[in-house]
Every structure is written in C-alpha cells, then in structure tokens.
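A.B. asks: The structure that follows is given in the form of structure tokens.
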Amino acid sequence: MNPENRVEFTKDMKDYTLLAPNMADVHFSLLGNIFTQYGYKAELLKNDGRAVVDEGLKYVHNDTCYPALLVIGQLIDALNSGKYDVNKTALLITQSGGGCRASNYIHLLRKALRKAGYPQVPVISLNLSGLEKNSGFKIRPSMALKMLSGMIYGDLIMLLKNQVEPYEVRKGATKELTQKWIDDISEMFRHGKGFSMGAVRKVLPQITKTFAEIEVKKEPKVKVGIVGEIYVKYSALANNHLEEFLASQDCEVMVPGLLGFFLFKTDNRLEDIKLYGGKKIKKIAMQIAMWYLTRIETALREAAGAYGDFCVPEPYSHIKEKCTKIIGAGCKMGEGWLLTAEMMELIESGYGNIVCAQPFGCLPNHIVGKGMIRKLKELYPESNIVPIDYDPGATRVNQENRIKLMLAVAQENLDK
C-alpha cells in the first residue's frame with residue numbers, strides 16, 4: 001500500500017458514479033458524454049454558492065490556491081448531499097504534472113476525503129502522462145482523440161456563441177443551437193464518427209455556417225475580454241458567474257479557447273529541452289504533438305472565418321512571437337506568458353476592456369497578469385484592464401462594482 005493509502009479504481013467498480021467538477025460548460029458537456037459512451041457513469045457537478053466555499057474551507061487551508069479550495073469543496077459538498085451512494089461513487093480530477101494546481105489537487109483531495117469520513121471513495125487521475133494508473137479506468141486512443149476533438153469543437157462553439165448571443169433577434173436561439181451541436185457531436189462520437197482530422201475539418205465550417213445563419217441585430221456594445229488562471233477564467237463557480245454578469249450589463253464577451261493552453265503546455269516541453277536538455281525521443285514526440293495541434297488550430301481558424309463576420313483567433317506562433325518580446329518564454333509556470341499574450345491578442349482584436357481574474361494563492365497569475373498591466377498600458381494606451389481578486393473573503397458585490405467602474409470607462413470610450 002502506498003504512503004497515502006490510495007484507493008484504486010478497479011475493474012469491478014465500473015458501475016460507480018464518477019463525479020467531476022465542471023469548468024467550461026460546452027467542453028465539459030462533450031467530455032462527460034464521451035465518458036458515458038465508454039461505459040462510465042459520469043456526472044458533471046453543478047452545485048454552487050457559498051456552501052461549496054465553506055465546505056472547501058473546512059478541508060483546505062485558506063492559504064492554498066482558491067481553485068483547489070473550490071474544486072475540493074464542490075466534490076465534498078456533493079458527497080454530503082445524500083444524492084449519491086458514497087460506497088458506489090468515485091471522483092474524477094485532471095492531473096497534468098505541472099508545478100501547481102494541476103498536480104497538487106489530487107493529493108489535497110484524498111487528504112480531505114479522509115478527514116470528511118470518505119476514505120473509501122476512489123479518486124481517478126485524468127492524465128495522459130502515466131502519472132497514476134487505475135485498472136478500471138483506461139484512456140484508449142479513440143477516447144483520447146474524441147476528447148481532443150471535443151476540445152476543438154468546444155472552442156469554436158464558445159467563440160461563435162459569445163459573438164452571436166448578445167445580438168440575436170430571437171432570444172434563446174444561440175443557446176438552442178449550442179445545445180444542438182453538443183448533442184449532434186456526441187451522437188457522431190457515439191457512432192465512431194467526427195473525431196478524425198478529416199472529419200473535424202469537415203464539421204467545423206458547418207458549425208460556423210449555422211451560427212452565421214442566426215438572425216442578429218448589430219449595434220454598438222462594450223466588448224469585454226476575460227483572462228486569468230484557467231479554472232477561474234472559465235468556471236462560473238469560481239468567478240461568480242462573471243460571463244452572466246457581463247451579459248446582464250449588455251456586453252459582448254470574448255474568452256480565449258482551451259487550444260491555446262494545450263499548445264502552450266506542449267510548447268513548454270520543447271522550451272525545457274532547449275533550456276535544460278532532454279531525451280531526443282521526447283523532443284521528437286513533442287514536435288509531432290505541436291505539428292498536430294497546429295494543424296488543428298489552422299482548421300479552427302479557417303472554419304471561424306468561413307462564414308459571417310466573426311473575430312478569428314490569432315495563431316499561437318504569432319502571439320508567442322509578439323509576447324515574448326516583452327516577457328521571456330521561460331516564464332511558463334501556471335498560465336505563464338500565455339496570459340499576457342492573451343491580453344495582447346484581445347486588445348488588438350477590439351476587446352481592450354479586460355477582466356483579469358486572479359485567484360488568491362496563485363502567484364504566477366499575479367506576476368503575468370496584474371504584474372504586466374502597466375507594461376501593456378504603455379504598449380496599448382487605449383487598453384482598459386481591471387484585475388479582480390477571487391478568494392473566500394471577496395464579496396461578489398465588491399467584485400461587480402469594480403467591474404462596473406471599468407465598464408463605465410469602456411462605455412465612455414464607446415460613446416466617443
């Protein structure tokens with residue numbers, strides 16, 4: 001038995017319910033459906049509110065990063081709810097092997113489960129690095145390809161949804177189309193279709209075409225970009241429903257997709273080899289991965305510009321070249337220089353009003369986020385960036401009031 005008494009998820013636990021924290025609605029809905037197709041009873045958690053925060057504070061020290069506190073609080077709160085048989089439930093959490101949350105959550109969660117009285121609940125590490133293995137949970141090649149394709153589809157749907165929904169003539173049309181594509185893509189996956197490179201290149205433009213056909217009434221609106229630590233940037237639980245709040249203020253919202261983060265993390269492995277050396281086989285593997293992801297990125301960008309008048313994301317190579325002139329490529333802990341790069345891209349794309357979501361306890365985010373605002377202001381005098389702290393003691397009212405001040409300046413600039 002290992003030092004932390006890890007409970008393995010075994011083959012005879014196939015009938016267990018797998019609970020997973022939600023982050024990005026479209027992407028994770030597709031991910032959950034993929035798990036179901038492979039025989040797992042997966043469920044994305046939707047429990048929200050102060051109760052989750054308070055539960056997290058019981059088991060995670062408040063000096064630990066806020067996303068860790070929230071994820072663990074949400075999982076423990078779900079087990080406490082009585083909705084699940086705790087002897088037939090397992091928890092699923094990502095683990096990438098990075099230097100911060102991506103590696104430490106799983107160990108904090110197991111410690112919290114023992115304290116909460118659930119030592120029998122297995123925790124499954126969702127990773128592609130062989131960090132932990134469970135005999136009852138395997139990521140097959142076809143499953144991994146579906147997960148990657150789901151991320152690409154999710155990125156495009158999110159990109160288009162955010163640009164159409166604020167202007168739709170028939171309210172709810174964009175939301176209905178979004179759900180239709182989630183259902184249609186999941187059905188394609190179920191029949192073994194839609195996840196090869198050729199299929200992805202064929203389906204992506206179809207998605208754009210349908211969003212371009214939604215009737216809209218274009219009118220000047222304040223355009224707001226959202227950046228930050230990856231969980232707080234996407235998760236409504238973590239950012240107090242930031243996107244919904246901005247929509248209520250009649251804004252158009254732009255949130256960078258997940259593909260850029262995957263390219264960044266893969267590219268980091270090559271930077272490590274460049275800086276410190278490494279095995280030739282690893283370098284070749286990462287070069288192949290970068291080549292494949294770049295091909296997908298090209299397909300996504302071409303599809304986004306195929307119909308309508310949508311804002312198309314810049315290539316990863318372009319934003320890296322531009323950003324690393326002001327911050328080194330070796331600055332890669334957490335979101336690293338990519339966070340700064342995303343702000344630069346947003347400003348240049350017309351989304352110069354930016355909310356930089358900063359979780360308490362995330363030092364890298366403060367350095368490459370809040371710490372770079374002054375430099376960005378020098379480069380882009382028209383930028384309007386507000387850093388917002390998210391932590392157990394921060395009130396939603398105070399956060400929204402600070403954002404409203406930023407929006408007031410944005411509206412003045414728009415009126416001019």
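FYI, nothing fancy with the structure tokens labels: chains A, B, ... in order, residues from 1 per chain, ligands from 1 as they appear.
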Among the residues of segment 173-272 of chain A, find those DSSP assigns to helix (DSSP H, G or I) from the backbone and print them as number ranges by chain.
C.D. replies: A: 173-190, 197-212, 230-234, 242-248, 259-272
A.B. asks: List as a tab-separated table (two decimals) with C-alpha atoms, in the first residue's frame the protein and nucleic acid residues near Ala68 of chain A, meaning an atom at most 12 Å away when only C-alpha atoms are counted, but skip any in the same chain fewer than 5 places from it.
C.D. replies:
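Ended up saving to selection_20.tsv:
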chain	number	residue	atom	x	y	z
A	21	PRO	CA	-16.01	19.29	-11.30
A	52	VAL	CA	-19.24	24.99	-1.62
A	53	VAL	CA	-16.75	27.63	-0.46
A	55	GLU	CA	-17.04	23.17	2.63
A	56	GLY	CA	-13.70	23.78	0.94
A	57	LEU	CA	-12.51	25.94	3.84
A	59	TYR	CA	-10.56	20.80	4.47
A	60	VAL	CA	-8.22	23.09	2.52
A	61	HIS	CA	-6.06	25.71	4.23
A	62	ASN	CA	-7.11	29.20	3.12
A	63	ASP	CA	-3.51	29.94	2.12
A	73	GLY	CA	-15.32	21.91	-1.66
A	74	GLN	CA	-17.62	21.12	-4.59
A	75	LEU	CA	-16.74	17.41	-4.54
A	93	ILE	CA	-9.94	15.07	-11.47
A	94	THR	CA	-7.35	16.21	-14.02
A	100	CYS	CA	0.98	23.97	-9.20
A	101	ARG	CA	-2.74	23.09	-9.08
A	102	ALA	CA	-2.54	20.57	-11.91
A	103	SER	CA	-0.55	18.19	-9.71
A	104	ASN	CA	-1.39	19.02	-6.12
A	105	TYR	CA	-5.19	18.92	-6.15
A	106	ILE	CA	-5.39	15.15	-6.23
A	107	HIS	CA	-3.33	14.74	-3.05
A	108	LEU	CA	-5.21	17.52	-1.24
A	109	LEU	CA	-8.49	15.90	-2.27
A	112	ALA	CA	-9.82	15.95	2.53
A	229	GLU	CA	-5.96	31.41	-14.17
A	231	TYR	CA	-10.17	27.48	-13.77
A	232	VAL	CA	-11.25	30.94	-12.61
A	238	ALA	CA	-15.02	30.35	-9.39
A	359	PRO	CA	-7.40	33.62	-7.65
A	360	PHE	CA	-5.91	34.03	-4.23
A	361	GLY	CA	-2.79	31.93	-3.78
A	362	CYS	CA	-1.82	31.89	-7.46
A	391	ASP	CA	-10.93	34.32	-2.86
A	392	PRO	CA	-13.07	33.04	0.04
A.B. asks: Taking into account only C-alpha atoms, which residue in the set A:Val255, A:Met343, A:Val216, A:Ile281 is nearest to Lys171 of chain A?
C.D. replies: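 Among A:Val255, A:Met343, A:Val216, A:Ile281, it is A:Val216 that comes nearest to Lys171 of chain A.
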A.B. asks: Could you pull the residues within 8 Å of Gly136 of chain A, counting only C-alpha atoms, minus those fewer than 2 positions along the same chain, as a list in words?
C.D. replies: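 The filter keeps Phe9, Thr10, Lys11, Asp12, Met13, Lys14, Asn134 and Lys138 of chain A.
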A.B. asks: Let's have the selection written as a compact mmCIF listing (two decimals), in the first residue's frame, with N, CA and C atoms.
C.D. replies:
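New file selection-v4.txt:
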# COMPACT_ATOMS: atom_id res chain seq x y z
N PHE A 9 -9.21 2.69 -8.41
CA PHE A 9 -10.47 2.46 -9.11
C PHE A 9 -10.27 1.21 -9.96
N THR A 10 -10.92 0.12 -9.56
CA THR A 10 -10.68 -1.17 -10.20
C THR A 10 -11.78 -1.52 -11.21
N LYS A 11 -11.56 -2.62 -11.95
CA LYS A 11 -12.50 -3.03 -13.00
C LYS A 11 -13.88 -3.37 -12.45
N ASP A 12 -13.95 -3.86 -11.22
CA ASP A 12 -15.25 -4.22 -10.66
C ASP A 12 -16.01 -3.00 -10.12
N MET A 13 -15.44 -1.80 -10.33
CA MET A 13 -16.12 -0.56 -9.92
C MET A 13 -16.77 0.15 -11.11
N LYS A 14 -16.94 -0.56 -12.22
CA LYS A 14 -17.44 0.05 -13.45
C LYS A 14 -18.84 0.66 -13.26
N ASN A 134 -5.16 3.38 -12.98
CA ASN A 134 -6.24 2.65 -12.32
C ASN A 134 -6.71 1.55 -13.27
N LYS A 138 -9.32 3.42 -18.18
CA LYS A 138 -8.29 3.48 -19.22
C LYS A 138 -8.70 4.52 -20.27
